[in-house]
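Peer 1: Quick one: the structure is below, and I'll ask about it shortly.
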Amino acid sequence: MYLSNIKLWNFRKYGTAGNTFNLAQPNLDLNFTKGLNVLIGENDSGKTAIIDAIKLVLKTHSYDYIKVEDKDFFNDSKRLRIELTFEDLSDNEAKNFTEWLGWKGIETKPYLKLNYDITRTDKKINPTDVKGGADAEGYMLTAEAKDYFKITYLRPLRDAENELISKRNSRLSQILLGDSAFKGKDRDHELVQMFEGLNENLKNYFKGKKIKFFNKDGGQIEESYTDGKKIKDKIDGYVQQFSDDGILTEFNVSSTELKSILEKFSLFLESERNVGLGTLNRLFMATELLHLNKENWDGLRLGLIEELEAHLHPQAQMQVIEALQKQEKIQLILSTHSPNLASKVKLENLIICNNGKGFPLGKTYTQLEKDNYIYLEKFLDTTKSNLFFAKGVILVEGWAEEILIPSFAKAIGIDLTTKGISVVNIGNVGFQHYANIFLRQNPPHMTIPVVVITDSDIRTYEKQGDIFIEKAAEVIESEKRKKLAEIKAQSTENIQYFPAPEWTLEYSLFKSSKLSDIFKKHAQEIHKKTPWSQNFELELAKKLINKSLKKTEIAYRIAHDLDEEMKNPLLAQSLKLKETDPTDSIFYLIEAIKHVAKV
């Protein structure tokens, strides 16, 4: 079985103004996949709330102390509810929950629904318990049924070393006790017999009797020692001075029960002891996988991992997530802030948390087509994966735009970094592959603002053989109106297209009353052998057609000039990009930045 859905009412940030409570309208209704699920999104987007809600209902194998607190209620609401649905139960799993099962579909497949409905007054949170059943109320679960639902949880910034060392109720001992190699073998396990033999030798050592052991060559020998007896005799002498009963002492191993033995175990790497946090973290996760994949278990196999990337360098992150994606028998729900991980996970396994909602990126939810998924899995690298964690996204088609946009934004008083806005250079004009990530088949729809900045590609010159001929003005204007209308028509509620009114970004800079001089200066400095003075516009057109214009270098120099001018109040005042005329050819850039920044 697996956790297929979570619904939340008034839990943490998942609530509505007025604190209304309607069972038919949960504040979060989120589906999970059977295998890997990765929660992504900006800070405070609700990732941890989802994981904590699951923990509150199911509890953990580590016996963490988990309870509902006042901070778990949305604002001043008096009631919260968490509802979990489980599907794909095998017969062996279903038999453990017969009285709580529901049935659905033509094939009448069983499902199981748990709810945790909690109320509070001004003075206290009212005690309640987890219930199960197909109806909204449900019935109390037994302790045995609850045990089948316990989950594995790895906290953020986890102390892996502390989890793997010997101590009372150590996590390592809990994992080993749950494995078929140890489970149900409290008295007749080989380790118990070994420790009982050790206990007998220990007694004989302090009595001065012969003890049997193997030497380093594997041969069995018998030897007696006097040091142990001397210590025992001294203690016996002191004890007898305190009493007339002739009492004698006996050294003993504290316990030879299997649980006590396993609590004495620590786990290290064979070749190393003093390893770093990242290596220990991987060792700890490997141990937890042993527990999740244990044999002869008819309960839930669910692991929750917060901030999987904790203590892991980028390459290690890649290795770990690739390994986790191969797990077939267990379900994992992870949270991450790492673009490295997001770029490596299949899109179908990602869930974007934003604005109090969860948005799975599987085929049944987005408007991504099959070829979009294939394309993105190939080209959605670490840099582009920043879009998953942004409050706003600017999609551009080249390096020049990526370099210039942040400087343009600063020039009009907007800091994209502070606003949480990512500029994503997709390296071509395949915007729809990326834009469709943010389009849903059904409500709720995403509200993350996305702008697409693209060239109109309406040439003012044409090449005929070796000759460059300027097109008629009326032809250019006609083509512009048609092309710009086509591009803008692709806009939706949260995705807006901003095409350059001129041929390209560079042509728009050349035509701009604000930046034409700066553009021409740097173009001339970079392309010194070009006869710019004869006809600058013609020479620019030639380079655009022949694709010989050094766009990136020109963009870098203009961006540098803009940044320097913004440091100088007098120069900034002379440029006044913020007051750019809407008819200016660079106004589309300013308009796009303002739109995504919501100013």
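So you can find residues: chains in the structure tokens are A, B, ... in the order shown, residues in each start at 1, and ligands are numbered from 1 in order.
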Name the residues in contact with A:Gln432 at a cut-off of 9 Å, using only C-alpha atoms, excluding same-chain residues fewer than 5 positions from it; report them as a PyMOL selection string.

Peer 2: chain A and resi 368+372+437

Peer 1: Please provide the set of residues having any atom within 12 Å of A:Thr583, restricted to only C-alpha atoms, with same-chain residues fewer than 3 positions apart removed, written as JSON, numbers by chain.

Peer 2: {"A": [500, 501, 502, 508, 511, 512, 513, 514, 579, 580, 586, 587, 588, 590, 591]}

Peer 1: Store the residues picked out above in a file with all heavy atoms, as a tab-separated table (two decimals), in the first residue's frame.

Peer 2:
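File selection_3.tsv, as written:
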chain	number	residue	atom	x	y	z
A	500	ALA	N	10.20	41.39	-28.23
A	500	ALA	CA	10.90	42.61	-28.61
A	500	ALA	C	10.16	43.26	-29.78
A	500	ALA	O	9.83	42.58	-30.76
A	500	ALA	CB	12.34	42.30	-29.02
A	501	PRO	N	9.89	44.56	-29.72
A	501	PRO	CA	9.18	45.22	-30.82
A	501	PRO	C	10.03	45.32	-32.08
A	501	PRO	O	9.50	45.49	-33.17
A	501	PRO	CB	8.87	46.61	-30.26
A	501	PRO	CG	9.92	46.84	-29.23
A	501	PRO	CD	10.21	45.50	-28.63
A	502	GLU	N	11.34	45.20	-31.90
A	502	GLU	CA	12.26	45.21	-33.04
A	502	GLU	C	12.77	43.79	-33.29
A	502	GLU	O	12.42	42.85	-32.58
A	502	GLU	CB	13.41	46.18	-32.80
A	502	GLU	CG	12.97	47.63	-32.59
A	502	GLU	CD	12.36	48.26	-33.83
A	502	GLU	OE1	12.60	47.75	-34.95
A	502	GLU	OE2	11.63	49.25	-33.70
A	508	SER	N	16.75	46.26	-30.69
A	508	SER	CA	15.95	47.12	-29.83
A	508	SER	C	16.83	48.09	-29.06
A	508	SER	O	16.48	49.26	-28.87
A	508	SER	CB	15.11	46.28	-28.86
A	508	SER	OG	14.18	45.46	-29.57
A	511	LYS	N	17.84	50.80	-31.38
A	511	LYS	CA	16.74	51.72	-31.70
A	511	LYS	C	16.30	52.56	-30.49
A	511	LYS	O	15.57	53.53	-30.64
A	511	LYS	CB	15.53	50.93	-32.21
A	511	LYS	CG	15.73	50.30	-33.58
A	511	LYS	CD	15.59	51.34	-34.68
A	511	LYS	CE	15.54	50.69	-36.06
A	511	LYS	NZ	15.35	51.70	-37.12
A	512	SER	N	16.75	52.18	-29.31
A	512	SER	CA	16.30	52.85	-28.09
A	512	SER	C	16.88	54.25	-27.95
A	512	SER	O	18.08	54.46	-28.15
A	512	SER	CB	16.69	52.02	-26.87
A	512	SER	OG	16.49	52.74	-25.68
A	513	SER	N	16.04	55.20	-27.58
A	513	SER	CA	16.53	56.56	-27.33
A	513	SER	C	17.35	56.62	-26.06
A	513	SER	O	18.16	57.53	-25.86
A	513	SER	CB	15.35	57.53	-27.24
A	513	SER	OG	14.50	57.16	-26.16
A	514	LYS	N	17.16	55.65	-25.17
A	514	LYS	CA	17.87	55.62	-23.90
A	514	LYS	C	19.26	54.99	-24.02
A	514	LYS	O	20.22	55.47	-23.43
A	514	LYS	CB	17.06	54.84	-22.85
A	514	LYS	CG	15.74	55.48	-22.47
A	514	LYS	CD	15.95	56.58	-21.45
A	514	LYS	CE	14.62	57.11	-20.93
A	514	LYS	NZ	14.81	58.20	-19.95
A	579	GLU	N	11.81	55.94	-16.14
A	579	GLU	CA	10.86	56.82	-16.82
A	579	GLU	C	10.84	56.60	-18.33
A	579	GLU	O	10.46	57.47	-19.10
A	579	GLU	CB	11.22	58.28	-16.51
A	579	GLU	CG	11.17	58.60	-15.03
A	579	GLU	CD	11.69	59.99	-14.71
A	579	GLU	OE1	11.81	60.80	-15.67
A	579	GLU	OE2	11.99	60.27	-13.55
A	580	THR	N	11.25	55.42	-18.75
A	580	THR	CA	11.30	55.11	-20.18
A	580	THR	C	9.92	55.24	-20.83
A	580	THR	O	8.92	54.74	-20.30
A	580	THR	CB	11.83	53.67	-20.40
A	580	THR	OG1	13.14	53.59	-19.84
A	580	THR	CG2	11.91	53.34	-21.88
A	586	ILE	N	12.97	49.54	-25.87
A	586	ILE	CA	13.36	48.67	-24.75
A	586	ILE	C	12.29	48.62	-23.67
A	586	ILE	O	12.47	47.95	-22.65
A	586	ILE	CB	14.69	49.13	-24.12
A	586	ILE	CG1	14.54	50.54	-23.53
A	586	ILE	CG2	15.84	49.02	-25.09
A	586	ILE	CD1	15.63	50.90	-22.55
A	587	PHE	N	11.17	49.28	-23.88
A	587	PHE	CA	10.14	49.33	-22.85
A	587	PHE	C	9.60	47.94	-22.53
A	587	PHE	O	9.17	47.67	-21.41
A	587	PHE	CB	9.00	50.26	-23.28
A	587	PHE	CG	7.97	50.46	-22.20
A	587	PHE	CD1	8.25	51.23	-21.09
A	587	PHE	CD2	6.72	49.86	-22.29
A	587	PHE	CE1	7.31	51.42	-20.09
A	587	PHE	CE2	5.78	50.03	-21.30
A	587	PHE	CZ	6.06	50.81	-20.19
A	588	TYR	N	9.62	47.02	-23.49
A	588	TYR	CA	9.09	45.67	-23.26
A	588	TYR	C	9.87	44.96	-22.14
A	588	TYR	O	9.31	44.16	-21.39
A	588	TYR	CB	9.11	44.84	-24.55
A	588	TYR	CG	10.46	44.31	-24.96
A	588	TYR	CD1	10.76	42.96	-24.83
A	588	TYR	CD2	11.43	45.14	-25.52
A	588	TYR	CE1	11.99	42.45	-25.23
A	588	TYR	CE2	12.66	44.64	-25.91
A	588	TYR	CZ	12.94	43.30	-25.77
A	588	TYR	OH	14.16	42.80	-26.17
A	590	ILE	N	11.37	46.50	-19.52
A	590	ILE	CA	10.96	47.13	-18.27
A	590	ILE	C	9.56	46.67	-17.87
A	590	ILE	O	9.27	46.37	-16.70
A	590	ILE	CB	11.01	48.66	-18.42
A	590	ILE	CG1	12.46	49.09	-18.64
A	590	ILE	CG2	10.40	49.36	-17.21
A	590	ILE	CD1	12.65	50.52	-19.05
A	591	GLU	N	8.69	46.57	-18.85
A	591	GLU	CA	7.31	46.11	-18.61
A	591	GLU	C	7.31	44.67	-18.08
A	591	GLU	O	6.57	44.33	-17.16
A	591	GLU	CB	6.52	46.21	-19.91
A	591	GLU	CG	5.03	46.03	-19.74
A	591	GLU	CD	4.29	46.14	-21.05
A	591	GLU	OE1	4.93	45.97	-22.12
A	591	GLU	OE2	3.08	46.40	-21.03

Peer 1: I need the residues in stretch 392-422 of chain A that are strand (DSSP E) according to DSSP; give them as a ChimeraX atom specification.

Peer 2: /A:392-396,421-422

Peer 1: Taking into account only C-alpha atoms, which residue in the set A:Gly18, A:Pro127, A:Pro156, A:Gly46 is nearest to A:Glu69?

Peer 2: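 Smallest separation from A:Glu69 among the options: A:Pro127.
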
Peer 1: With only C-alpha atoms counted and 12 Å as the cut-off, give the residues of stretch 476-593 of chain A in contact with stretch 373-393 of chain A, each with its shortest interatomic distance in Å and the pair that gives it, as JSON lines.

Peer 2:
{"residue": "A:Asn494", "atom": "CA", "partner": "A:Gly392", "partner_atom": "CA", "distance": 10.0}
{"residue": "A:Ile495", "atom": "CA", "partner": "A:Val393", "partner_atom": "CA", "distance": 9.4}
{"residue": "A:Gln496", "atom": "CA", "partner": "A:Val393", "partner_atom": "CA", "distance": 10.6}
{"residue": "A:Tyr497", "atom": "CA", "partner": "A:Val393", "partner_atom": "CA", "distance": 11.9}
{"residue": "A:Ala592", "atom": "CA", "partner": "A:Val393", "partner_atom": "CA", "distance": 10.5}
{"residue": "A:Ile593", "atom": "CA", "partner": "A:Val393", "partner_atom": "CA", "distance": 9.8}

Peer 1: Using only N, CA, C and O atoms, please write the residues we just selected to a file, as a JSON list (two decimals), in the first residue's frame.

Peer 2:
[["chain", "number", "residue", "atom", "x", "y", "z"],
["A", 494, "ASN", "N", -1.19, 33.35, -15.86],
["A", 494, "ASN", "CA", 0.05, 33.54, -15.09],
["A", 494, "ASN", "C", 1.31, 33.49, -15.94],
["A", 494, "ASN", "O", 2.42, 33.63, -15.42],
["A", 495, "ILE", "N", 1.16, 33.31, -17.24],
["A", 495, "ILE", "CA", 2.32, 33.31, -18.15],
["A", 495, "ILE", "C", 2.11, 34.39, -19.20],
["A", 495, "ILE", "O", 1.16, 34.32, -20.00],
["A", 496, "GLN", "N", 2.99, 35.38, -19.19],
["A", 496, "GLN", "CA", 2.86, 36.50, -20.11],
["A", 496, "GLN", "C", 4.08, 36.58, -21.03],
["A", 496, "GLN", "O", 5.22, 36.49, -20.57],
["A", 497, "TYR", "N", 3.81, 36.76, -22.32],
["A", 497, "TYR", "CA", 4.88, 36.88, -23.32],
["A", 497, "TYR", "C", 5.16, 38.36, -23.59],
["A", 497, "TYR", "O", 4.23, 39.16, -23.77],
["A", 592, "ALA", "N", 8.17, 43.82, -18.65],
["A", 592, "ALA", "CA", 8.24, 42.41, -18.24],
["A", 592, "ALA", "C", 8.75, 42.30, -16.80],
["A", 592, "ALA", "O", 8.21, 41.53, -15.99],
["A", 593, "ILE", "N", 9.78, 43.07, -16.48],
["A", 593, "ILE", "CA", 10.36, 43.03, -15.13],
["A", 593, "ILE", "C", 9.33, 43.49, -14.10],
["A", 593, "ILE", "O", 9.16, 42.87, -13.04]]

Peer 1: Would you pick out the contacts of A:Ile469 at 10 Å or less, using only C-alpha atoms, so that residues sharing its chain but fewer than 3 positions from it are not included, and give the list as an NGL selection string?

Peer 2: :A and (460-464 or 466 or 472 or 538 or 541)

Peer 1: Calculate how many Å separate atom CA of A:Gln240 from atom CA of A:Tyr225, rounding to one decimal.

Peer 2: 23.5 Å

Peer 1: Just want the 12 Å neighbourhood of A:Ser77, counted on only C-alpha atoms, with same-chain residues fewer than 5 positions away dropped. Output as a ChimeraX atom specification.

Peer 2: /A:9-21,70-72,118-122,125

Peer 1: As a count of residues only, which residues of stretch 318-382 of chain A does DSSP assign to alpha helix (DSSP H)?

Peer 2: 24

Peer 1: Skip A:Leu404 itself and residues of its chain fewer than 6 positions away, then list as a PyMOL selection string all residues within 12 Å of it, counting only C-alpha atoms.

Peer 2: chain A and resi 396+398+410-411+423+425+453+505-506+509+551-563+586+589-590+593

Peer 1: Would you mind listing what lies within 9 Å of stretch 357-363 of chain A as a PyMOL selection string, with only C-alpha atoms counted and same-chain residues fewer than 6 positions away left out?

Peer 2: chain A and resi 14+27-33+37+39+45-47+347-351+369-370+373+437-438+440+444-446

Peer 1: Atom CA of A:Asp147 and atom CA of A:Asn126 are how many Å apart?

Peer 2: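 So the two atoms, atom CA of A:Asp147 and atom CA of A:Asn126, lie 23.4 Å apart.
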
Peer 1: Need the shell around A:Leu258: protein/DNA/RNA residues with any atom at most 9 Å away, counting only C-alpha atoms. Skip same-chain ones fewer than 3 positions apart. Format as a PDB file with C-alpha atoms, in the first residue's frame?

Peer 2:
ATOM      1  CA  LEU A 177      15.485  -5.758  15.723  1.00  0.00           C
ATOM      2  CA  PHE A 182      16.707 -10.787  14.443  1.00  0.00           C
ATOM      3  CA  LYS A 185      14.614 -14.549  18.082  1.00  0.00           C
ATOM      4  CA  ASP A 186      15.066 -13.005  21.517  1.00  0.00           C
ATOM      5  CA  ARG A 187      16.508 -16.074  23.249  1.00  0.00           C
ATOM      6  CA  HIS A 189      19.689 -16.073  18.316  1.00  0.00           C
ATOM      7  CA  LEU A 191      24.416 -13.516  19.139  1.00  0.00           C
ATOM      8  CA  VAL A 192      22.726 -14.410  22.455  1.00  0.00           C
ATOM      9  CA  SER A 255      22.246  -8.483  30.001  1.00  0.00           C
ATOM     10  CA  ILE A 261      23.162  -6.807  22.819  1.00  0.00           C
ATOM     11  CA  LEU A 262      22.141  -4.859  19.737  1.00  0.00           C
ATOM     12  CA  GLU A 263      22.119  -1.620  21.739  1.00  0.00           C
TER      13      GLU A 263
END

Peer 1: So, with only C-alpha atoms as the atoms that count, which of A:Asn199, A:Thr366, A:Thr226, A:Thr279 lies closest to A:Thr256?

Peer 2: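 Comparing A:Asn199, A:Thr366, A:Thr226, A:Thr279 against A:Thr256, the winner is A:Asn199.
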
Peer 1: Point out the residue among A:Cys353, A:Ala143, A:Val253, A:Leu154 with the least atom-to-atom distance to A:Asp44, counting only C-alpha atoms.

Peer 2: A:Cys353

Peer 1: Please indicate the distance in Å from atom CA of A:Arg481 to atom CA of A:Val452, rounded to one decimal place.

Peer 2: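 Computing the Euclidean distance for atom CA of A:Arg481 and atom CA of A:Val452 yields 18.3 Å.
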
Peer 1: So which one's closest to A:Leu302, A:Asn546, A:Thr98, A:Thr60, A:Ser533? Using only C-alpha atoms, please.

Peer 2: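 Among A:Asn546, A:Thr98, A:Thr60, A:Ser533, it is A:Thr60 that comes nearest to A:Leu302.
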